[in-house]
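*Asks:* Here you go, this is work.pdb (PDB, C-alpha atoms).
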ATOM      1  CA  MET A   1       0.000   0.000   0.000
ATOM      2  CA  ALA A   2       1.412   3.364  -1.052
ATOM      3  CA  ALA A   3      -1.277   5.772   0.151
ATOM      4  CA  ARG A   4      -4.956   6.203   1.018
ATOM      5  CA  VAL A   5      -7.688   8.186  -0.683
ATOM      6  CA  SER A   6      -8.129  11.284   1.495
ATOM      7  CA  SER A   7     -10.586  13.312  -0.634
ATOM      8  CA  ILE A   8     -12.775  12.862  -3.720
ATOM      9  CA  PHE A   9     -13.902  15.809  -5.845
ATOM     10  CA  ILE A  10     -16.197  16.204  -8.807
ATOM     11  CA  TYR A  11     -16.834  19.304 -10.913
ATOM     12  CA  PRO A  12     -20.250  18.884 -12.574
ATOM     13  CA  VAL A  13     -19.980  22.173 -14.500
ATOM     14  CA  LYS A  14     -16.543  22.564 -16.045
ATOM     15  CA  SER A  15     -14.560  25.365 -14.341
ATOM     16  CA  CYS A  16     -17.213  25.977 -11.659
ATOM     17  CA  ARG A  17     -16.842  25.102  -7.969
ATOM     18  CA  GLY A  18     -16.274  21.453  -7.131
ATOM     19  CA  ILE A  19     -18.136  19.137  -4.760
ATOM     20  CA  SER A  20     -16.282  17.125  -2.107
ATOM     21  CA  LEU A  21     -17.611  13.577  -1.603
ATOM     22  CA  LEU A  22     -17.012  10.674   0.756
ATOM     23  CA  ARG A  23     -17.773   8.137  -1.978
ATOM     24  CA  ALA A  24     -18.401   8.358  -5.709
ATOM     25  CA  PRO A  25     -19.446   5.918  -8.449
ATOM     26  CA  ILE A  26     -16.792   5.487 -11.136
ATOM     27  CA  THR A  27     -17.377   5.288 -14.881
ATOM     28  CA  ALA A  28     -15.060   4.960 -17.860
ATOM     29  CA  THR A  29     -15.345   8.715 -18.512
ATOM     30  CA  GLY A  30     -14.725   9.766 -14.888
ATOM     31  CA  PHE A  31     -16.690   9.947 -11.658
ATOM     32  CA  ARG A  32     -20.420  10.135 -12.296
ATOM     33  CA  TRP A  33     -21.574  13.737 -12.903
ATOM     34  CA  ASP A  34     -18.009  15.020 -13.348
ATOM     35  CA  ARG A  35     -17.772  17.634 -16.138
ATOM     36  CA  GLN A  36     -21.145  16.703 -17.631
ATOM     37  CA  TRP A  37     -21.865  20.398 -18.265
ATOM     38  CA  VAL A  38     -19.884  23.243 -19.790
ATOM     39  CA  VAL A  39     -20.575  26.941 -20.349
ATOM     40  CA  VAL A  40     -20.094  27.947 -24.007
ATOM     41  CA  ASN A  41     -19.837  31.332 -25.690
ATOM     42  CA  ALA A  42     -21.809  32.603 -28.690
ATOM     43  CA  LYS A  43     -19.544  30.578 -31.012
ATOM     44  CA  GLY A  44     -20.080  27.367 -29.032
ATOM     45  CA  ARG A  45     -16.552  27.418 -27.629
ATOM     46  CA  ALA A  46     -16.089  26.101 -24.093
ATOM     47  CA  CYS A  47     -15.559  28.852 -21.546
ATOM     48  CA  THR A  48     -13.250  28.119 -18.611
ATOM     49  CA  GLN A  49     -11.583  30.031 -15.801
ATOM     50  CA  ARG A  50      -8.738  30.801 -18.189
ATOM     51  CA  VAL A  51     -11.109  33.263 -19.883
ATOM     52  CA  GLU A  52     -13.703  33.865 -17.156
ATOM     53  CA  PRO A  53     -12.088  33.408 -13.729
ATOM     54  CA  ARG A  54     -15.402  34.389 -12.067
ATOM     55  CA  LEU A  55     -16.669  30.894 -12.910
ATOM     56  CA  ALA A  56     -14.762  29.882  -9.758
ATOM     57  CA  LEU A  57     -17.474  31.677  -7.754
ATOM     58  CA  VAL A  58     -20.329  29.536  -9.112
ATOM     59  CA  VAL A  59     -21.307  27.031  -6.413
ATOM     60  CA  VAL A  60     -22.765  23.751  -7.697
ATOM     61  CA  GLU A  61     -25.001  21.465  -5.629
ATOM     62  CA  LEU A  62     -26.443  18.063  -6.490
ATOM     63  CA  PRO A  63     -28.947  16.012  -4.457
ATOM     64  CA  SER A  64     -27.224  13.530  -2.142
ATOM     65  CA  GLU A  65     -29.028  10.607  -3.792
ATOM     66  CA  ALA A  66     -27.299  11.470  -7.089
ATOM     67  CA  PHE A  67     -24.232   9.632  -5.765
ATOM     68  CA  ILE A  68     -26.036   6.365  -5.077
ATOM     69  CA  GLU A  69     -25.089   3.754  -7.666
ATOM     70  CA  GLY A  70     -27.743   3.240 -10.299
ATOM     71  CA  TRP A  71     -29.806   6.278  -9.240
ATOM     72  CA  GLU A  72     -31.733   7.978 -12.040
ATOM     73  CA  PRO A  73     -33.169  11.511 -11.852
ATOM     74  CA  THR A  74     -36.887  12.149 -11.413
ATOM     75  CA  GLN A  75     -38.821  15.205 -12.549
ATOM     76  CA  SER A  76     -38.066  16.845  -9.217
ATOM     77  CA  SER A  77     -34.274  16.263  -9.366
ATOM     78  CA  TYR A  78     -32.202  19.394  -9.883
ATOM     79  CA  MET A  79     -28.660  20.694 -10.019
ATOM     80  CA  VAL A  80     -28.634  23.963  -8.062
ATOM     81  CA  LEU A  81     -26.275  26.822  -9.015
ATOM     82  CA  LYS A  82     -25.512  29.817  -6.828
ATOM     83  CA  ALA A  83     -23.286  32.851  -7.391
ATOM     84  CA  PRO A  84     -22.749  36.247  -5.736
ATOM     85  CA  GLY A  85     -25.539  38.687  -6.555
ATOM     86  CA  MET A  86     -27.546  36.082  -8.487
ATOM     87  CA  ASN A  87     -30.797  34.302  -7.811
ATOM     88  CA  VAL A  88     -30.561  30.519  -7.406
ATOM     89  CA  LEU A  89     -30.673  28.629 -10.716
ATOM     90  CA  LYS A  90     -32.228  25.165 -10.769
ATOM     91  CA  VAL A  91     -31.309  22.912 -13.707
ATOM     92  CA  SER A  92     -33.296  19.708 -14.153
ATOM     93  CA  LEU A  93     -31.181  16.561 -14.044
ATOM     94  CA  ARG A  94     -33.528  15.001 -16.577
ATOM     95  CA  LYS A  95     -31.900  15.358 -19.979
ATOM     96  CA  PRO A  96     -33.140  18.338 -22.019
ATOM     97  CA  HIS A  97     -34.630  17.893 -25.485
ATOM     98  CA  GLU A  98     -32.987  20.844 -27.241
ATOM     99  CA  THR A  99     -29.585  20.445 -28.845
ATOM    100  CA  ALA A 100     -26.806  22.926 -29.529
ATOM    101  CA  ASP A 101     -24.620  22.246 -32.554
ATOM    102  CA  GLY A 102     -21.037  23.372 -33.035
ATOM    103  CA  VAL A 103     -19.958  22.985 -29.402
ATOM    104  CA  SER A 104     -16.174  22.723 -29.070
ATOM    105  CA  VAL A 105     -13.745  21.880 -26.270
ATOM    106  CA  TRP A 106     -10.115  22.071 -27.329
ATOM    107  CA  GLU A 107      -9.769  19.909 -30.451
ATOM    108  CA  TRP A 108     -13.198  18.236 -30.145
ATOM    109  CA  SER A 109     -16.404  19.549 -31.629
ATOM    110  CA  GLY A 110     -19.898  18.118 -31.785
ATOM    111  CA  SER A 111     -23.429  18.674 -30.550
ATOM    112  CA  ALA A 112     -24.550  18.941 -26.946
ATOM    113  CA  LEU A 113     -27.829  19.176 -25.023
ATOM    114  CA  ASP A 114     -28.893  22.792 -24.430
ATOM    115  CA  GLU A 115     -30.143  23.572 -20.909
ATOM    116  CA  GLY A 116     -32.372  26.370 -22.174
ATOM    117  CA  ASP A 117     -32.873  30.115 -22.030
ATOM    118  CA  GLU A 118     -33.135  30.528 -18.261
ATOM    119  CA  ALA A 119     -29.717  28.968 -17.678
ATOM    120  CA  SER A 120     -28.305  30.950 -20.606
ATOM    121  CA  GLN A 121     -29.611  34.225 -19.182
ATOM    122  CA  TRP A 122     -28.256  33.374 -15.730
ATOM    123  CA  PHE A 123     -24.686  32.809 -16.933
ATOM    124  CA  SER A 124     -24.884  35.744 -19.373
ATOM    125  CA  ASP A 125     -25.991  38.073 -16.573
ATOM    126  CA  PHE A 126     -23.332  36.811 -14.181
ATOM    127  CA  LEU A 127     -20.444  36.970 -16.656
ATOM    128  CA  GLY A 128     -21.607  39.975 -18.672
ATOM    129  CA  LYS A 129     -21.501  38.328 -22.118
ATOM    130  CA  PRO A 130     -23.751  35.883 -23.996
ATOM    131  CA  TYR A 131     -23.247  32.324 -22.756
ATOM    132  CA  ARG A 132     -25.198  29.069 -22.754
ATOM    133  CA  LEU A 133     -25.059  26.026 -20.488
ATOM    134  CA  VAL A 134     -24.853  22.727 -22.346
ATOM    135  CA  ARG A 135     -24.656  19.090 -21.283
ATOM    136  CA  PHE A 136     -22.640  16.316 -22.905
ATOM    137  CA  ASN A 137     -24.857  14.196 -25.142
ATOM    138  CA  THR A 138     -23.680  10.682 -24.348
ATOM    139  CA  ALA A 139     -26.340   9.215 -26.668
ATOM    140  CA  SER A 140     -24.875  10.726 -29.843
ATOM    141  CA  GLU A 141     -21.331  11.918 -29.095
ATOM    142  CA  THR A 142     -18.011  10.468 -28.008
ATOM    143  CA  ARG A 143     -14.846  12.361 -27.175
ATOM    144  CA  PRO A 144     -11.639  10.304 -27.229
ATOM    145  CA  VAL A 145      -8.602  11.098 -25.116
ATOM    146  CA  GLU A 146      -5.216  11.515 -26.804
ATOM    147  CA  PRO A 147      -4.778   8.162 -28.587
ATOM    148  CA  GLN A 148      -1.002   8.131 -28.247
ATOM    149  CA  TYR A 149      -1.364   8.008 -24.448
ATOM    150  CA  ALA A 150      -4.566   6.045 -23.781
ATOM    151  CA  PRO A 151      -6.089   4.610 -26.962
ATOM    152  CA  GLY A 152      -9.754   3.662 -26.701
ATOM    153  CA  HIS A 153     -10.524   5.779 -23.631
ATOM    154  CA  LYS A 154     -13.092   8.589 -23.639
ATOM    155  CA  ILE A 155     -14.075  11.668 -21.654
ATOM    156  CA  LEU A 156     -16.933  14.141 -21.370
ATOM    157  CA  PHE A 157     -15.973  17.820 -20.891
ATOM    158  CA  SER A 158     -12.762  17.250 -18.899
ATOM    159  CA  ASP A 159      -9.702  18.913 -20.366
ATOM    160  CA  MET A 160      -7.855  15.743 -21.309
ATOM    161  CA  TYR A 161      -8.444  12.642 -19.164
ATOM    162  CA  PRO A 162     -11.174  11.058 -16.999
ATOM    163  CA  TYR A 163      -9.382  11.282 -13.643
ATOM    164  CA  LEU A 164      -6.705  13.504 -12.089
ATOM    165  CA  LEU A 165      -4.838  12.247  -9.030
ATOM    166  CA  LEU A 166      -2.730  14.396  -6.710
ATOM    167  CA  SER A 167      -1.051  13.679  -3.383
ATOM    168  CA  GLN A 168      -1.256  15.687  -0.190
ATOM    169  CA  GLY A 169       2.523  15.260   0.044
ATOM    170  CA  SER A 170       2.930  17.183  -3.208
ATOM    171  CA  MET A 171       0.591  19.924  -1.972
ATOM    172  CA  ASP A 172       2.502  20.196   1.313
ATOM    173  CA  ALA A 173       5.854  20.393  -0.503
ATOM    174  CA  LEU A 174       4.571  23.134  -2.795
ATOM    175  CA  ASN A 175       3.100  25.100   0.107
ATOM    176  CA  GLU A 176       6.448  25.034   1.901
ATOM    177  CA  LEU A 177       7.863  27.005  -1.035
ATOM    178  CA  LEU A 178       5.024  29.540  -1.262
ATOM    179  CA  ASN A 179       4.818  32.730   0.798
ATOM    180  CA  ASN A 180       1.039  32.293   0.787
ATOM    181  CA  PRO A 181       0.004  28.612   1.020
ATOM    182  CA  ILE A 182      -2.872  27.560  -1.215
ATOM    183  CA  PRO A 183      -5.620  24.927  -0.927
ATOM    184  CA  VAL A 184      -5.880  21.902  -3.195
ATOM    185  CA  ASN A 185      -8.874  23.378  -5.030
ATOM    186  CA  ARG A 186      -6.437  25.406  -7.152
ATOM    187  CA  PHE A 187      -5.481  22.171  -8.940
ATOM    188  CA  ARG A 188      -8.968  20.662  -9.295
ATOM    189  CA  PRO A 189      -8.022  16.995  -8.728
ATOM    190  CA  ASN A 190     -10.594  14.201  -8.633
ATOM    191  CA  ILE A 191      -8.661  11.978  -6.239
ATOM    192  CA  LEU A 192      -6.452  13.311  -3.446
ATOM    193  CA  VAL A 193      -4.300  10.718  -1.695
ATOM    194  CA  ASP A 194      -2.250  10.944   1.494
ATOM    195  CA  GLY A 195       0.525   8.927   3.064
ATOM    196  CA  CYS A 196       3.054   8.954   0.225
ATOM    197  CA  GLU A 197       6.164  11.005  -0.435
ATOM    198  CA  PRO A 198       5.832  14.303  -2.322
ATOM    199  CA  TYR A 199       5.506  13.713  -6.076
ATOM    200  CA  ALA A 200       5.357   9.928  -5.652
ATOM    201  CA  GLU A 201       2.391  10.001  -8.052
ATOM    202  CA  ASP A 202       4.709  11.175 -10.856
ATOM    203  CA  LEU A 203       6.067   7.643 -10.996
ATOM    204  CA  TRP A 204       2.847   5.618 -10.787
ATOM    205  CA  THR A 205       1.929   3.994 -14.095
ATOM    206  CA  GLU A 206      -0.554   1.484 -12.677
ATOM    207  CA  ILE A 207      -2.416   1.595  -9.368
ATOM    208  CA  ARG A 208      -5.304  -0.240  -7.753
ATOM    209  CA  ILE A 209      -8.029   1.382  -5.656
ATOM    210  CA  ASN A 210     -10.835  -0.823  -4.280
ATOM    211  CA  ASN A 211     -10.090  -3.630  -6.780
ATOM    212  CA  PHE A 212     -10.160  -1.233  -9.766
ATOM    213  CA  THR A 213      -7.029  -0.747 -11.823
ATOM    214  CA  PHE A 214      -6.102   2.714 -13.040
ATOM    215  CA  GLN A 215      -3.357   3.554 -15.469
ATOM    216  CA  GLY A 216      -1.188   6.619 -14.892
ATOM    217  CA  VAL A 217      -0.979   7.749 -18.499
ATOM    218  CA  LYS A 218       0.537  11.225 -18.455
ATOM    219  CA  LEU A 219       1.824  13.833 -16.028
ATOM    220  CA  CYS A 220      -0.677  16.687 -15.803
ATOM    221  CA  SER A 221       0.620  19.856 -17.457
ATOM    222  CA  ARG A 222      -0.788  22.936 -15.766
ATOM    223  CA  CYS A 223      -2.410  26.042 -17.233
ATOM    224  CA  LYS A 224      -3.154  29.354 -15.491
ATOM    225  CA  VAL A 225      -6.094  28.066 -13.412
ATOM    226  CA  PRO A 226      -3.893  27.212 -10.361
ATOM    227  CA  THR A 227      -3.016  30.918 -10.166
ATOM    228  CA  ILE A 228      -6.696  31.810  -9.595
ATOM    229  CA  ASN A 229      -7.953  32.112  -6.028
ATOM    230  CA  GLN A 230     -11.069  29.912  -6.059
ATOM    231  CA  GLU A 231     -12.732  31.974  -3.325
ATOM    232  CA  THR A 232     -12.336  35.349  -5.072
ATOM    233  CA  GLY A 233     -11.824  34.563  -8.773
ATOM    234  CA  ILE A 234      -8.678  36.738  -8.767
ATOM    235  CA  ALA A 235      -5.332  35.509 -10.149
ATOM    236  CA  GLY A 236      -1.860  36.083  -8.698
ATOM    237  CA  PRO A 237       1.624  35.300 -10.056
ATOM    238  CA  GLU A 238       3.334  33.401  -7.240
ATOM    239  CA  VAL A 239       2.078  29.879  -7.976
ATOM    240  CA  SER A 240       3.181  29.943 -11.625
ATOM    241  CA  GLU A 241       6.607  31.305 -10.787
ATOM    242  CA  THR A 242       7.181  28.692  -8.098
ATOM    243  CA  LEU A 243       5.984  25.795 -10.265
ATOM    244  CA  LYS A 244       8.241  26.960 -13.116
ATOM    245  CA  ALA A 245      11.229  26.935 -10.780
ATOM    246  CA  PHE A 246      10.897  23.320  -9.647
ATOM    247  CA  ARG A 247       8.204  21.504 -11.689
ATOM    248  CA  SER A 248       9.106  22.460 -15.268
ATOM    249  CA  ASP A 249      10.064  19.886 -17.867
ATOM    250  CA  LYS A 250      13.551  21.421 -17.827
ATOM    251  CA  VAL A 251      13.867  20.369 -14.188
ATOM    252  CA  LEU A 252      11.871  17.103 -14.204
ATOM    253  CA  ARG A 253      12.619  15.798 -17.689
ATOM    254  CA  PRO A 254      16.041  17.151 -18.684
ATOM    255  CA  THR A 255      16.761  14.495 -21.315
ATOM    256  CA  GLN A 256      13.305  14.617 -22.937
ATOM    257  CA  LYS A 257      11.970  16.975 -25.592
ATOM    258  CA  GLN A 258      11.293  20.329 -23.928
ATOM    259  CA  LYS A 259       7.711  21.630 -24.209
ATOM    260  CA  GLY A 260       7.964  24.616 -21.864
ATOM    261  CA  LYS A 261       5.377  23.113 -19.493
ATOM    262  CA  VAL A 262       5.030  22.619 -15.751
ATOM    263  CA  TYR A 263       3.586  19.450 -14.231
ATOM    264  CA  PHE A 264       1.598  18.743 -11.072
ATOM    265  CA  GLY A 265      -0.471  15.575 -10.638
ATOM    266  CA  GLN A 266      -1.023  12.401 -12.648
ATOM    267  CA  ASN A 267      -3.728  11.819 -15.264
ATOM    268  CA  LEU A 268      -5.506   8.462 -14.947
ATOM    269  CA  VAL A 269      -7.781   6.228 -16.970
ATOM    270  CA  TRP A 270      -9.779   3.316 -15.530
ATOM    271  CA  LYS A 271      -7.909   0.470 -17.175
ATOM    272  CA  ASP A 272     -10.368  -2.389 -16.615
ATOM    273  CA  SER A 273     -13.571  -0.403 -17.215
ATOM    274  CA  GLN A 274     -14.474  -2.624 -20.186
ATOM    275  CA  THR A 275     -13.967  -5.919 -18.374
ATOM    276  CA  VAL A 276     -15.458  -5.325 -14.908
ATOM    277  CA  ALA A 277     -18.731  -7.224 -14.599
ATOM    278  CA  GLU A 278     -22.061  -5.416 -14.460
ATOM    279  CA  GLY A 279     -23.550  -4.849 -11.051
ATOM    280  CA  LYS A 280     -22.997  -2.704  -7.995
ATOM    281  CA  GLY A 281     -19.828  -1.885  -6.147
ATOM    282  CA  LYS A 282     -18.135   0.335  -8.747
ATOM    283  CA  VAL A 283     -17.383   2.997  -6.165
ATOM    284  CA  ILE A 284     -14.322   4.656  -4.662
ATOM    285  CA  GLU A 285     -14.461   5.872  -1.062
ATOM    286  CA  VAL A 286     -12.382   8.136   1.134
ATOM    287  CA  GLY A 287     -10.123   5.826   3.138
ATOM    288  CA  ASP A 288      -9.621   3.295   0.341
ATOM    289  CA  PRO A 289      -6.018   2.075   0.131
ATOM    290  CA  VAL A 290      -3.991   2.812  -2.996
ATOM    291  CA  TYR A 291      -1.695   0.027  -4.195
ATOM    292  CA  VAL A 292       1.032   0.707  -6.756
ATOM    293  CA  LEU A 293       1.281  -2.127  -9.287
ATOM    294  CA  LYS A 294       3.726  -0.569 -11.761
ATOM    295  CA  MET A 295       5.960   2.478 -11.680
ATOM    296  CA  VAL A 296       8.855   4.171 -13.413
ATOM    297  CA  SER A 297      12.032   5.182 -11.600
ATOM    298  CA  SER A 298      11.935   8.926 -12.269
ATOM    299  CA  ALA A 299       9.756  11.692 -13.705
ATOM    300  CA  ASN A 300      12.200  11.807 -16.590
ATOM    301  CA  GLU A 301      10.852   8.397 -17.672
ATOM    302  CA  ALA A 302       7.169   9.223 -17.146
ATOM    303  CA  ALA A 303       4.926  10.084 -20.063
ATOM    304  CA  ALA A 304       4.148  13.794 -20.289
TER     305      ALA A 304
END
Turn this file's structure into structure tokens for me.
*Replies:*
Amino acid sequence: MAARVSSIFIYPVKSCRGISLLRAPITATGFRWDRQWVVVNAKGRACTQRVEPRLALVVVELPSEAFIEGWEPTQSSYMVLKAPGMNVLKVSLRKPHETADGVSVWEWSGSALDEGDEASQWFSDFLGKPYRLVRFNTASETRPVEPQYAPGHKILFSDMYPYLLLSQGSMDALNELLNNPIPVNRFRPNILVDGCEPYAEDLWTEIRINNFTFQGVKLCSRCKVPTINQETGIAGPEVSETLKAFRSDKVLRPTQKQKGKVYFGQNLVWKDSQTVAEGKGKVIEVGDPVYVLKMVSSANEAAA
């Protein structure tokens, strides 16, 4: 055993506030409800905190029963959104009938389910520009991850991969270098583990949590979102400067092709998602042990 799961997070609306859970059902595309929705601009392009840091202020709530395995929404099941100065927005968890074409996230484009004019007006009023809220249409669309790293795996509206794992040891080591320590929500992981050395997760290429095998497919390269205070929506420079000094590819991967990136956390896919039998029990819980099955000897050898 290398560590234990200490926290689980999902982010139902991409770039909005996350939800901390004690247990969460797993799927091939990530924890259930994770990144099922995204805010898009008038051109259908995904809007994130990189462009609209105030998305960090949007609080997302789901009914507690939504995390019971096999639960399906009823007509009275809602996602609730709250933001400073805004009335509460209730979005039905039943799938909408309207579609929005030309939705794009990074390299992917396709159609999505449109959550309607009320949700559109809410986000447009809050952010000050025309936006719509759309939901991934799992019935008609698929979005593959990078095939050179994890062929055959798929995601919804996550940036790149279904799961992001980070260790408390890594957070503690980073905070020792910062004048102003930061919480883990800056990095938006799905699985936080504790009990391992700082940056141990860099080396993990295969792990097991509650009998499920996950593949560590690629170190997570970081954008500007970790610089944004998730309580205020305001960015500051210190995190980027510190990460560049000790987590850049120049430092971690000196003999590999330099991409000018910084890395923090490990991207995962659920390796045996296609072979696990139907039925209940496909859940990860806080407290679950993490076993390392395969690893590389240094970050220089890890995929990135």
*Asks:* Going by the chain IDs and residue numbers used in this file, which residues fall under the PyMOL selection byres ((chain A and resi 121-133) around 12)? Write them as a ChimeraX atom specification.
*Replies:* /A:12-14,16,35-49,51-58,81-91,96,98-101,103,112-120,134-136,233
*Asks:* Would you mind listing what lies within 12 Å of Tyr291 in chain A as JSON, numbers by chain, with all atoms listed in the file counted and same-chain residues fewer than 5 positions away left out?
*Replies:* {"A": [1, 2, 3, 4, 5, 193, 195, 196, 201, 204, 205, 206, 207, 208, 209, 210, 211, 212, 213, 214, 215]}
*Asks:* Apply the PyMOL selection byres ((chain A and resi 239) around 12) to the file shown and report the selected residues as number ranges by chain.
*Replies:* A: 171, 174-183, 186-187, 222-229, 235-238, 240-247, 262, 264
*Asks:* Using Å and a single decimal, report how far CA of Arg32 in chain A sits from CA of Asp202 in chain A.
*Replies:*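 Going from CA of Asp202 in chain A over to CA of Arg32 in chain A covers 25.2 Å.
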*Asks:* Which residues, named as in the file, does the PyMOL selection byres ((chain A and resi 140-151) around 10) pick out? Answer as JSON, numbers by chain.
*Replies:* {"A": [29, 105, 107, 108, 109, 110, 111, 112, 136, 137, 138, 139, 152, 153, 154, 155, 156, 157, 158, 159, 160, 161, 162, 215, 216, 217, 218, 268, 269, 271, 303, 304]}
*Asks:* Counting only C-alpha atoms, which residue out of A:Asn267, A:Ser221, A:Ser7, A:Ser76 sits closest to Asn185 in chain A?
*Replies:* A:Ser7
*Asks:* Quick check, in Å to one decimal: how far apart do CA of Thr275 in chain A and CA of Tyr163 in chain A lie?
*Replies:*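 Interatomic distance, CA of Thr275 in chain A to CA of Tyr163 in chain A: 18.4 Å.
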*Asks:* So what do you get for CA of Gly169 in chain A versus CA of Ile191 in chain A, distance-wise?
*Replies:*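 If I compute the distance from CA of Gly169 in chain A to CA of Ile191 in chain A, I get 13.2 Å.
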